[in-house]
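Novice: So I've got this file, input-v8.cif, and it contains mmCIF, C-alpha atoms and all ligand atoms:
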data_entry
#
loop_
_atom_site.label_atom_id
_atom_site.label_comp_id
_atom_site.auth_asym_id
_atom_site.auth_seq_id
_atom_site.Cartn_x
_atom_site.Cartn_y
_atom_site.Cartn_z
CA MET A 216 -10.42 -43.94 -96.08
CA TYR A 217 -11.51 -40.37 -96.74
CA PHE A 218 -9.25 -38.76 -99.34
CA ALA A 219 -11.93 -36.64 -101.00
CA SER A 220 -10.81 -33.35 -99.46
CA ASP A 221 -9.23 -31.84 -96.39
CA ASN A 222 -12.62 -30.81 -95.08
CA THR A 223 -13.95 -34.33 -94.50
CA GLY A 224 -12.07 -34.83 -91.22
CA ILE A 225 -12.73 -33.67 -87.70
CA THR A 226 -11.97 -30.36 -86.05
CA HIS A 227 -8.82 -30.64 -83.95
CA PRO A 228 -9.87 -31.42 -80.34
CA LYS A 229 -7.74 -28.55 -79.01
CA ILE A 230 -9.65 -26.11 -81.23
CA MET A 231 -12.96 -27.65 -80.20
CA GLN A 232 -11.87 -27.21 -76.59
CA ARG A 233 -11.19 -23.49 -77.20
CA VAL A 234 -14.73 -23.14 -78.49
CA VAL A 235 -16.05 -24.90 -75.38
CA ASP A 236 -13.85 -22.71 -73.15
CA ALA A 237 -15.25 -19.62 -74.90
CA ASN A 238 -18.76 -20.80 -74.14
CA THR A 239 -19.00 -19.26 -70.72
CA GLY A 240 -20.22 -15.89 -69.48
CA TYR A 241 -20.89 -12.90 -71.71
CA ALA A 242 -18.82 -11.45 -74.54
CA MET A 243 -19.24 -8.41 -76.75
CA PRO A 244 -20.62 -9.28 -80.23
CA TYR A 245 -19.53 -8.59 -83.84
CA GLY A 246 -15.79 -8.97 -83.38
CA ASN A 247 -15.48 -6.87 -80.26
CA ASP A 248 -14.87 -9.91 -78.04
CA GLU A 249 -11.67 -10.19 -76.03
CA ILE A 250 -10.51 -13.31 -77.84
CA MET A 251 -10.58 -11.41 -81.14
CA GLY A 252 -8.23 -8.87 -79.58
CA LYS A 253 -5.79 -11.69 -78.97
CA VAL A 254 -6.28 -13.09 -82.49
CA ARG A 255 -5.47 -9.67 -83.96
CA ALA A 256 -2.34 -9.41 -81.83
CA ASP A 257 -1.28 -12.98 -82.65
CA LEU A 258 -1.74 -12.55 -86.40
CA ARG A 259 0.04 -9.19 -86.39
CA THR A 260 2.98 -10.80 -84.59
CA LEU A 261 2.96 -13.69 -87.04
CA PHE A 262 2.74 -11.54 -90.18
CA GLU A 263 4.86 -8.73 -88.65
CA PRO A 264 3.20 -5.47 -89.78
CA PRO A 265 1.89 -3.97 -86.51
CA ASP A 266 -1.04 -2.23 -88.17
CA ALA A 267 -2.41 -4.98 -90.46
CA ALA A 268 -6.23 -5.01 -90.56
CA ILE A 269 -7.53 -8.44 -89.57
CA TYR A 270 -11.01 -9.95 -89.89
CA LEU A 271 -12.63 -13.36 -89.59
CA VAL A 272 -15.30 -14.93 -91.76
CA ALA A 273 -16.67 -18.47 -91.82
CA THR A 274 -15.96 -19.52 -95.41
CA GLY A 275 -13.12 -19.23 -97.86
CA THR A 276 -15.50 -18.06 -100.55
CA ALA A 277 -16.50 -15.09 -98.36
CA ALA A 278 -12.86 -14.35 -97.54
CA ASN A 279 -11.84 -14.33 -101.22
CA SER A 280 -14.88 -12.42 -102.46
CA LEU A 281 -14.87 -9.73 -99.78
CA ALA A 282 -11.09 -9.26 -99.94
CA LEU A 283 -11.22 -8.89 -103.72
CA ALA A 284 -14.18 -6.51 -103.49
CA CYS A 285 -12.02 -4.05 -101.54
CA TYR A 286 -9.55 -3.97 -104.42
CA THR A 287 -11.79 -4.14 -107.48
CA GLU A 288 -14.21 -1.79 -109.23
CA PRO A 289 -17.23 -3.17 -111.14
CA TRP A 290 -15.72 -2.08 -114.47
CA GLN A 291 -12.55 -4.06 -113.85
CA THR A 292 -11.44 -7.65 -114.35
CA ILE A 293 -9.60 -9.92 -111.90
CA PHE A 294 -6.74 -11.97 -113.32
CA CYS A 295 -6.41 -15.55 -112.07
CA ALA A 296 -5.20 -18.98 -113.14
CA GLN A 297 -7.57 -21.01 -115.30
CA TYR A 298 -8.43 -23.56 -112.61
CA SER A 299 -8.62 -21.11 -109.70
CA HIS A 300 -11.07 -21.79 -106.92
CA ILE A 301 -12.56 -18.32 -107.51
CA GLU A 302 -13.32 -19.40 -111.09
CA GLU A 303 -14.29 -23.04 -110.69
CA ASP A 304 -15.72 -23.45 -107.21
CA GLU A 305 -17.33 -20.28 -105.91
CA CYS A 306 -20.53 -20.07 -107.97
CA ASN A 307 -19.71 -16.52 -109.16
CA ALA A 308 -19.48 -15.18 -105.60
CA PRO A 309 -16.35 -13.15 -106.52
CA GLU A 310 -18.24 -11.64 -109.47
CA PHE A 311 -21.28 -11.08 -107.23
CA TYR A 312 -19.34 -9.28 -104.51
CA THR A 313 -17.00 -7.33 -106.77
CA GLY A 314 -19.27 -6.67 -109.75
CA ALA A 315 -16.17 -7.38 -111.84
CA LYS A 316 -15.43 -10.23 -114.24
CA LEU A 317 -12.61 -12.76 -114.14
CA THR A 318 -9.94 -13.09 -116.81
CA LEU A 319 -8.52 -16.61 -116.83
CA ILE A 320 -4.84 -17.08 -117.58
CA PRO A 321 -4.58 -20.38 -119.51
CA THR A 322 -2.33 -22.80 -117.63
CA PRO A 323 -2.46 -26.36 -116.34
CA ASP A 324 -1.50 -25.11 -112.86
CA LYS A 325 0.45 -21.95 -111.96
CA MET A 326 0.14 -18.68 -113.89
CA ALA A 327 3.24 -17.77 -115.88
CA PRO A 328 4.33 -14.13 -115.35
CA GLU A 329 4.61 -13.54 -119.11
CA ASP A 330 1.05 -14.81 -119.68
CA LEU A 331 -0.21 -12.52 -116.92
CA ALA A 332 1.69 -9.58 -118.44
CA ALA A 333 0.23 -10.36 -121.88
CA ALA A 334 -3.34 -10.53 -120.49
CA ILE A 335 -2.88 -7.18 -118.75
CA ALA A 336 -1.38 -5.64 -121.92
CA ARG A 337 -4.48 -6.67 -123.90
CA ARG A 338 -6.55 -4.25 -121.79
CA PRO A 339 -5.23 -0.74 -122.40
CA LYS A 340 -5.99 1.74 -119.66
CA GLY A 341 -8.80 4.20 -120.29
CA VAL A 342 -10.47 2.48 -123.26
CA VAL A 343 -14.08 2.87 -122.22
CA HIS A 344 -15.27 -0.18 -124.17
CA MET A 345 -13.02 -2.65 -122.36
CA ALA A 346 -12.98 -4.09 -118.87
CA GLN A 347 -10.16 -2.35 -117.03
CA SER A 348 -7.38 -4.30 -115.34
CA GLY A 349 -8.06 -4.97 -111.66
CA ALA A 350 -6.61 -7.23 -108.99
CA VAL A 351 -4.43 -10.27 -109.59
CA SER A 352 -5.35 -13.35 -107.53
CA ILE A 353 -2.76 -16.07 -106.83
CA THR A 354 -3.62 -19.39 -105.14
CA GLN A 355 -1.16 -20.92 -102.68
CA VAL A 356 -1.25 -24.05 -102.50
CA THR A 357 -2.57 -24.19 -106.10
CA GLU A 358 -5.69 -26.16 -106.95
CA HIS A 359 -3.42 -28.84 -108.39
CA GLY A 360 -1.36 -29.34 -105.27
CA SER A 361 1.78 -27.42 -106.15
CA VAL A 362 3.42 -24.61 -104.26
CA HIS A 363 4.67 -21.34 -105.77
CA THR A 364 8.24 -20.63 -104.68
CA LEU A 365 8.88 -17.16 -103.28
CA GLU A 366 10.60 -16.32 -106.57
CA GLU A 367 7.49 -17.37 -108.50
CA ILE A 368 5.22 -15.25 -106.27
CA ARG A 369 7.57 -12.29 -106.67
CA ALA A 370 7.66 -12.67 -110.45
CA LEU A 371 3.85 -12.47 -110.55
CA THR A 372 3.56 -9.56 -108.11
CA ALA A 373 6.26 -7.68 -110.07
CA VAL A 374 4.07 -7.89 -113.18
CA ALA A 375 1.08 -6.65 -111.15
CA GLN A 376 3.10 -3.83 -109.60
CA ALA A 377 4.42 -2.71 -112.97
CA ALA A 378 0.78 -2.22 -114.03
CA ASP A 379 -0.16 -0.71 -110.67
CA LEU A 380 -2.49 -3.60 -109.82
CA PRO A 381 -3.13 -5.00 -106.33
CA VAL A 382 -2.46 -8.66 -105.47
CA HIS A 383 -4.67 -11.08 -103.53
CA LEU A 384 -3.46 -14.45 -102.26
CA ASP A 385 -6.02 -17.26 -101.83
CA GLY A 386 -4.41 -19.10 -98.92
CA ALA A 387 -7.08 -21.71 -98.16
CA ARG A 388 -4.04 -23.99 -97.71
CA PHE A 389 -1.64 -21.28 -96.55
CA ALA A 390 -0.24 -23.46 -93.74
CA ASN A 391 0.49 -26.40 -96.06
CA ALA A 392 2.39 -24.07 -98.38
CA GLN A 393 4.31 -22.44 -95.59
CA VAL A 394 5.44 -25.77 -94.18
CA ALA A 395 6.43 -26.91 -97.68
CA LEU A 396 8.50 -23.76 -98.31
CA GLY A 397 9.89 -23.34 -94.80
CA CYS A 398 9.53 -19.55 -95.08
CA THR A 399 7.77 -17.02 -92.85
CA PRO A 400 4.19 -15.79 -93.38
CA ALA A 401 5.60 -12.31 -94.11
CA GLU A 402 7.93 -13.68 -96.80
CA MET A 403 5.09 -15.49 -98.54
CA THR A 404 2.86 -12.39 -98.52
CA TRP A 405 3.65 -8.68 -98.16
CA LYS A 406 7.43 -9.08 -98.42
CA SER A 407 6.73 -10.71 -101.80
CA GLY A 408 4.29 -8.03 -102.92
CA VAL A 409 0.93 -9.44 -101.74
CA ASP A 410 -1.61 -6.83 -100.55
CA VAL A 411 -4.33 -8.99 -99.02
CA VAL A 412 -4.50 -12.65 -98.02
CA SER A 413 -7.26 -15.14 -97.34
CA PHE A 414 -5.66 -17.13 -94.51
CA GLY A 415 -7.35 -20.53 -94.32
CA GLY A 416 -8.30 -22.38 -91.16
CA THR A 417 -11.14 -24.73 -92.11
CA LYS A 418 -9.18 -27.10 -94.38
CA ASN A 419 -6.44 -27.41 -91.78
CA GLY A 420 -8.31 -28.47 -88.65
CA CYS A 421 -10.72 -25.64 -87.76
CA MET A 422 -14.49 -25.98 -87.69
CA GLY A 423 -15.13 -23.06 -90.01
CA VAL A 424 -13.01 -19.92 -89.91
CA GLU A 425 -10.78 -17.99 -92.30
CA ALA A 426 -8.95 -14.74 -91.67
CA VAL A 427 -8.70 -11.85 -94.12
CA ILE A 428 -5.50 -9.90 -93.59
CA PHE A 429 -4.95 -6.48 -95.19
CA PHE A 430 -1.40 -5.18 -95.04
CA ASP A 431 -2.77 -1.74 -95.89
CA PRO A 432 -4.97 -0.76 -92.91
CA SER A 433 -6.73 1.93 -94.93
CA LYS A 434 -8.91 -0.88 -96.36
CA ALA A 435 -10.30 -1.71 -92.91
CA GLN A 436 -13.43 0.43 -92.91
CA GLU A 437 -14.48 -0.61 -96.39
CA PHE A 438 -14.08 -4.29 -95.50
CA GLU A 439 -16.26 -3.83 -92.45
CA TYR A 440 -19.05 -2.28 -94.48
CA ARG A 441 -18.77 -4.90 -97.19
CA ARG A 442 -18.71 -7.81 -94.73
CA LYS A 443 -21.85 -6.58 -92.98
CA ARG A 444 -23.65 -5.74 -96.24
CA GLY A 445 -22.62 -9.16 -97.54
CA ALA A 446 -24.16 -10.84 -94.45
CA HIS A 447 -20.87 -12.27 -93.24
CA LEU A 448 -20.49 -10.35 -89.98
CA PHE A 449 -21.06 -12.92 -87.24
CA SER A 450 -23.11 -11.79 -84.29
CA LYS A 451 -21.75 -14.32 -81.75
CA HIS A 452 -18.30 -13.72 -83.16
CA ARG A 453 -16.43 -15.16 -80.16
CA TYR A 454 -16.87 -18.67 -81.58
CA LEU A 455 -14.96 -17.69 -84.72
CA SER A 456 -12.31 -15.95 -82.62
CA ALA A 457 -11.90 -18.97 -80.34
CA GLN A 458 -11.21 -21.25 -83.30
CA MET A 459 -8.56 -18.95 -84.76
CA GLU A 460 -6.98 -18.42 -81.36
CA GLY A 461 -6.71 -22.17 -80.81
CA TYR A 462 -5.43 -22.66 -84.35
CA LEU A 463 -2.51 -20.28 -83.80
CA ALA A 464 -1.72 -21.28 -80.19
CA ASP A 465 1.57 -23.16 -79.80
CA ASP A 466 1.89 -23.30 -83.60
CA LEU A 467 -0.87 -25.91 -83.81
CA TRP A 468 -1.62 -24.68 -87.36
CA LEU A 469 1.89 -25.56 -88.51
CA GLU A 470 1.90 -28.88 -86.66
CA MET A 471 -1.32 -29.89 -88.41
CA ALA A 472 -0.07 -28.79 -91.83
CA ARG A 473 3.09 -30.83 -91.30
CA MET A 474 0.98 -33.89 -90.43
CA ALA A 475 -1.13 -33.44 -93.57
CA ASN A 476 1.90 -32.93 -95.81
CA ASP A 477 3.68 -35.92 -94.25
CA ALA A 478 0.65 -38.17 -94.83
CA CYS A 479 0.59 -36.97 -98.44
CA ALA A 480 4.30 -37.69 -98.87
CA ARG A 481 3.78 -41.23 -97.56
CA LEU A 482 0.89 -41.77 -99.96
CA THR A 483 2.87 -40.28 -102.86
CA LYS A 484 5.80 -42.60 -102.21
CA GLY A 485 3.54 -45.64 -102.02
CA LEU A 486 1.69 -44.71 -105.21
CA ARG A 487 4.99 -44.19 -107.03
CA ASN A 488 6.20 -47.62 -105.92
CA HIS A 489 3.00 -49.10 -107.35
CA GLY A 490 3.56 -47.44 -110.73
CA ALA A 491 0.98 -44.65 -110.50
CA GLU A 492 1.47 -41.70 -112.86
CA PHE A 493 1.35 -38.17 -111.49
CA LEU A 494 -0.38 -35.34 -113.34
CA HIS A 495 1.36 -32.77 -111.13
CA GLU A 496 4.24 -33.25 -108.73
CA PRO A 497 2.64 -33.30 -105.24
CA GLN A 498 4.25 -30.60 -103.05
CA ALA A 499 1.83 -30.19 -100.16
CA ASN A 500 -1.20 -32.31 -99.21
CA MET A 501 -2.88 -33.01 -102.57
CA ILE A 502 -2.18 -35.64 -105.20
CA PHE A 503 -3.40 -35.84 -108.80
CA ALA A 504 -2.55 -39.30 -110.07
CA ARG A 505 -3.55 -41.98 -112.53
CA PHE A 506 -3.75 -45.70 -111.87
CA PRO A 507 -5.68 -48.63 -113.38
CA ARG A 508 -9.46 -48.88 -113.26
CA ALA A 509 -9.20 -52.29 -111.54
CA VAL A 510 -7.48 -50.64 -108.56
CA HIS A 511 -10.12 -47.89 -108.39
CA GLN A 512 -12.76 -50.62 -108.36
CA LYS A 513 -11.07 -52.43 -105.47
CA LEU A 514 -10.64 -49.18 -103.52
CA GLN A 515 -14.24 -48.13 -104.01
CA ALA A 516 -15.49 -51.57 -103.04
CA ALA A 517 -13.44 -51.17 -99.85
CA GLY A 518 -15.20 -47.84 -99.17
CA ALA A 519 -12.43 -45.40 -100.12
CA LYS A 520 -13.80 -41.90 -100.76
CA TYR A 521 -12.13 -39.67 -103.37
CA TYR A 522 -12.91 -37.97 -106.67
CA VAL A 523 -12.17 -39.80 -109.90
CA THR A 524 -11.90 -37.32 -112.74
CA GLY A 525 -10.70 -39.52 -115.56
CA GLY A 526 -13.82 -41.52 -116.41
CA ASP A 527 -16.31 -44.14 -115.29
CA VAL A 528 -14.91 -46.46 -112.62
CA ALA A 529 -17.61 -49.10 -113.07
CA THR A 530 -17.25 -49.85 -116.79
CA GLY A 531 -14.29 -50.10 -119.15
CA PRO A 532 -11.00 -51.96 -119.56
CA ALA A 533 -9.47 -53.02 -116.21
CA VAL A 534 -6.01 -51.77 -117.21
CA GLU A 535 -7.12 -48.31 -118.37
CA MET A 536 -5.51 -45.56 -116.28
CA LEU A 537 -8.05 -43.26 -114.60
CA ALA A 538 -7.08 -39.95 -112.99
CA CYS A 539 -8.14 -39.00 -109.49
CA ARG A 540 -7.53 -36.45 -106.74
CA LEU A 541 -6.40 -37.55 -103.28
CA VAL A 542 -6.19 -35.10 -100.38
CA CYS A 543 -4.76 -35.71 -96.89
CA ASP A 544 -5.80 -33.71 -93.83
CA TRP A 545 -3.91 -33.41 -90.53
CA ALA A 546 -5.74 -36.40 -89.02
CA MET A 547 -4.88 -38.86 -91.82
CA SER A 548 -3.04 -41.75 -90.14
CA ASP A 549 -0.19 -43.84 -91.54
CA ASP A 550 -2.49 -46.85 -91.06
CA LEU A 551 -5.18 -45.43 -93.32
CA VAL A 552 -2.62 -44.47 -95.96
CA ASP A 553 -1.19 -48.00 -95.84
CA GLN A 554 -4.67 -49.50 -95.97
CA PHE A 555 -5.35 -47.47 -99.12
CA LEU A 556 -2.08 -48.62 -100.68
CA SER A 557 -2.79 -52.29 -99.80
CA HIS A 558 -5.42 -52.38 -102.58
CA PHE A 559 -2.81 -52.02 -105.35
C1 LIG A 601 -11.61 -24.79 -100.13
C2 LIG A 601 -11.02 -23.64 -100.82
C3 LIG A 601 -11.52 -22.34 -100.61
C4 LIG A 601 -12.67 -22.02 -99.69
O1 LIG A 601 -13.83 -22.73 -99.88
P1 LIG A 601 -15.12 -22.63 -98.95
O2 LIG A 601 -15.84 -23.88 -99.27
O3 LIG A 601 -15.86 -21.42 -99.36
O4 LIG A 601 -14.69 -22.52 -97.51
C5 LIG A 601 -10.90 -21.30 -101.27
N1 LIG A 601 -9.84 -21.50 -102.07
C6 LIG A 601 -9.33 -22.72 -102.28
C7 LIG A 601 -8.12 -22.87 -103.14
C8 LIG A 601 -9.91 -23.84 -101.67
O5 LIG A 601 -9.38 -25.05 -101.89
#
Go ahead and express the file in the form of structure tokens.
Ligand SMILES: *Cc1c(COP(=O)(O)O)cnc(C)c1O
Specialist:
Amino acid sequence: MYFASDNTGITHPKIMQRVVDANTGYAMPYGNDEIMGKVRADLRTLFEPPDAAIYLVATGTAANSLALACYTEPWQTIFCAQYSHIEEDECNAPEFYTGAKLTLIPTPDKMAPEDLAAAIARRPKGVVHMAQSGAVSITQVTEHGSVHTLEEIRALTAVAQAADLPVHLDGARFANAQVALGCTPAEMTWKSGVDVVSFGGTKNGCMGVEAVIFFDPSKAQEFEYRRKRGAHLFSKHRYLSAQMEGYLADDLWLEMARMANDACARLTKGLRNHGAEFLHEPQANMIFARFPRAVHQKLQAAGAKYYVTGGDVATGPAVEMLACRLVCDWAMSDDLVDQFLSHF
């Protein structure tokens, strides 16, 4: 019962097969392989702009950091939500690659447009003593499992645009958000004012690949230099390309996201029936909930893997409610969800 994250499961066999299929004969290195040509064409079709600049890297941290670096000067600051992955989980890689600092917008989950506007207003342009306003980074799905509506994305990008600031979208769980919203990739990104997106693959069934998509192709050359200088240009690149090609083929990426979101909905319903409290309303494939210590103890004794954030499971009153995070990936079966719920 692995609910710790959506990177604990297996790579989808169809994607693994694409990697095996790619493992024959010779291919040009460094992104000049034929499969990458198809990936570029597929992603341009999916996102619509025919001239989008498209690159692959192996980690989401690299995707975020390198994408932001193309839109940030070292004397600037990047605006993001308080609990953003770029703030909490990337060991200062965004600061390392951009040379900039982060300005955290206080919020339990999503940034509010007025808070973003206020943070930008506190940094007047041209004052040499202050960090200058740089990119705005939005996370979709958020770190707390909720999904920005298109209106919410547009409200944030409107604030950025009014201050002439570029917008990055951390889409490590892009597919889960898209399935939840039922919109198109274009609507969730450039049609809503996003300039560059980290398009996740790893958390949704790939082995290790993320795409960086620039809707302004003039950023292409700079990204290439930065990726190489940052040691993220893969030599045997065809194995990254093959994963992304398999991910997109026959809408496998959406099928997997639907499976993950469905498993999460089943778990959410069961938890609700058992009286669990929710810290955030689950909208994709992540749950933040509270239930009694005694249940956590039973689950852990049964081998369930997940992060408890609310306190010590081993000692304390049995009825005390402890918070935890539960994440479902595409491979999470109804049986495993039901097995988890049987311990309540
Ligand atoms: C997992 C994740 C990433 C990428 O993490 P890596 O471990 O570097 O691949 C980026 N953003 C969010 C919101 C994530 O959940």
Novice: Taking only residues of chain A that have an atom at most 6 Å from an atom of ligand LIG 601 (chain A), what is each one's shortest atom pair and its distance in Å to one decimal, using all atoms listed in the file, in chain and number order, as JSON lines?
Specialist:
{"residue": "A:Thr274", "atom": "CA", "partner": "A:LIG601", "partner_atom": "O4", "distance": 3.9}
{"residue": "A:Gly275", "atom": "CA", "partner": "A:LIG601", "partner_atom": "C4", "distance": 3.4}
{"residue": "A:Thr276", "atom": "CA", "partner": "A:LIG601", "partner_atom": "O3", "distance": 3.6}
{"residue": "A:His300", "atom": "CA", "partner": "A:LIG601", "partner_atom": "C7", "distance": 4.9}
{"residue": "A:Glu358", "atom": "CA", "partner": "A:LIG601", "partner_atom": "C7", "distance": 5.6}
{"residue": "A:Asp385", "atom": "CA", "partner": "A:LIG601", "partner_atom": "N1", "distance": 5.7}
{"residue": "A:Ala387", "atom": "CA", "partner": "A:LIG601", "partner_atom": "N1", "distance": 4.8}
Novice: Work out how far apart CA of Ala392 in chain A and CA of Arg369 in chain A are and give it in Å to one decimal.
Specialist: 15.3 Å
Novice: Would you mind reading off the distance between CA of Gly490 in chain A and CA of Phe506 in chain A, one decimal, in Å?
Specialist: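 Atom-to-atom, CA of Gly490 in chain A to CA of Phe506 in chain A, that is 7.6 Å.
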Novice: So, with only C-alpha atoms as the atoms that count, which of A:Arg442, A:His489, A:Lys418, A:Lys316 lies closest to Met471 in chain A?
Specialist: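 Ranked by minimum distance to Met471 in chain A, first place goes to A:Lys418.
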Novice: Would you mind listing what lies within 12 Å of Ala296 in chain A as a list in words, with all atoms listed in the file counted and same-chain residues fewer than 6 positions away left out?
Specialist: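 Counting only the stated atoms, we get Glu302, Glu303, Leu317, Thr318, Leu319, Ile320, Pro321, Thr322, Pro323, Asp324, Lys325, Met326, Ala327, Pro328, Asp330, Leu331, Ala334, Val351, Ser352, Ile353, Thr354, Gln355, Thr357, Glu358, His359, Leu371, Leu384 and Asp385 of chain A.
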Novice: Just the selected residues (C-alpha atoms), exported as an mmCIF file, in the coordinates of the input, please.
Specialist:
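In the end it all went to again-v9.cif:
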data_model
loop_
_atom_site.group_PDB
_atom_site.id
_atom_site.type_symbol
_atom_site.label_atom_id
_atom_site.label_comp_id
_atom_site.auth_asym_id
_atom_site.auth_seq_id
_atom_site.Cartn_x
_atom_site.Cartn_y
_atom_site.Cartn_z
ATOM 1 C CA GLU A 302 -13.320 -19.400 -111.090
ATOM 2 C CA GLU A 303 -14.290 -23.040 -110.690
ATOM 3 C CA LEU A 317 -12.610 -12.760 -114.140
ATOM 4 C CA THR A 318 -9.940 -13.090 -116.810
ATOM 5 C CA LEU A 319 -8.520 -16.610 -116.830
ATOM 6 C CA ILE A 320 -4.840 -17.080 -117.580
ATOM 7 C CA PRO A 321 -4.580 -20.380 -119.510
ATOM 8 C CA THR A 322 -2.330 -22.800 -117.630
ATOM 9 C CA PRO A 323 -2.460 -26.360 -116.340
ATOM 10 C CA ASP A 324 -1.500 -25.110 -112.860
ATOM 11 C CA LYS A 325 0.450 -21.950 -111.960
ATOM 12 C CA MET A 326 0.140 -18.680 -113.890
ATOM 13 C CA ALA A 327 3.240 -17.770 -115.880
ATOM 14 C CA PRO A 328 4.330 -14.130 -115.350
ATOM 15 C CA ASP A 330 1.050 -14.810 -119.680
ATOM 16 C CA LEU A 331 -0.210 -12.520 -116.920
ATOM 17 C CA ALA A 334 -3.340 -10.530 -120.490
ATOM 18 C CA VAL A 351 -4.430 -10.270 -109.590
ATOM 19 C CA SER A 352 -5.350 -13.350 -107.530
ATOM 20 C CA ILE A 353 -2.760 -16.070 -106.830
ATOM 21 C CA THR A 354 -3.620 -19.390 -105.140
ATOM 22 C CA GLN A 355 -1.160 -20.920 -102.680
ATOM 23 C CA THR A 357 -2.570 -24.190 -106.100
ATOM 24 C CA GLU A 358 -5.690 -26.160 -106.950
ATOM 25 C CA HIS A 359 -3.420 -28.840 -108.390
ATOM 26 C CA LEU A 371 3.850 -12.470 -110.550
ATOM 27 C CA LEU A 384 -3.460 -14.450 -102.260
ATOM 28 C CA ASP A 385 -6.020 -17.260 -101.830
#
Novice: Using all atoms listed in the file, which residues sit within 6 Å of range 509-525 of chain A once same-chain residues fewer than 6 positions away are excluded, as a PyMOL selection string?
Specialist: chain A and resi 216-219+533+537-540+559
Novice: Restricting the calculation to only C-alpha atoms, which member of A:Glu460, A:Glu249, A:Asp527, A:Glu439 is positioned closest to Gln232 in chain A?
Specialist: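 Of A:Glu460, A:Glu249, A:Asp527, A:Glu439, the one nearest Gln232 in chain A is A:Glu460, counting only C-alpha atoms.
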Novice: With distances taken over all atoms listed in the file, which residue among A:Val542, A:Ala472, A:Ala332, A:Ala267 lies nearest Gln376 in chain A?
Specialist: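 Selected residue with least distance to Gln376 in chain A: A:Ala332.
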Novice: Using Å and a single decimal, report how far CA of Ile428 in chain A sits from CA of Val409 in chain A.
Specialist: 10.4 Å
Novice: With distances taken over only C-alpha atoms, which of A:Gly408, A:Gly420, A:Pro265, A:Ala242 is nearest to Ala377 in chain A?
Specialist: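 Closest to Ala377 in chain A of all the choices is A:Gly408.
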Novice: Would you please work out which residue, of A:Pro244, A:Val394, A:Phe414, A:Arg337, is nearest to Asn279 in chain A when using all atoms listed in the file?
Specialist: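 Nearest candidate to Asn279 in chain A out of A:Pro244, A:Val394, A:Phe414, A:Arg337: A:Phe414.
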Novice: Closest to Asp221 in chain A among A:Glu288, A:Asp544, A:Glu402, A:Asp465, using only C-alpha atoms?
Specialist: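 Looking only at the distances to Asp221 in chain A, the closest residue turns out to be A:Asp544.
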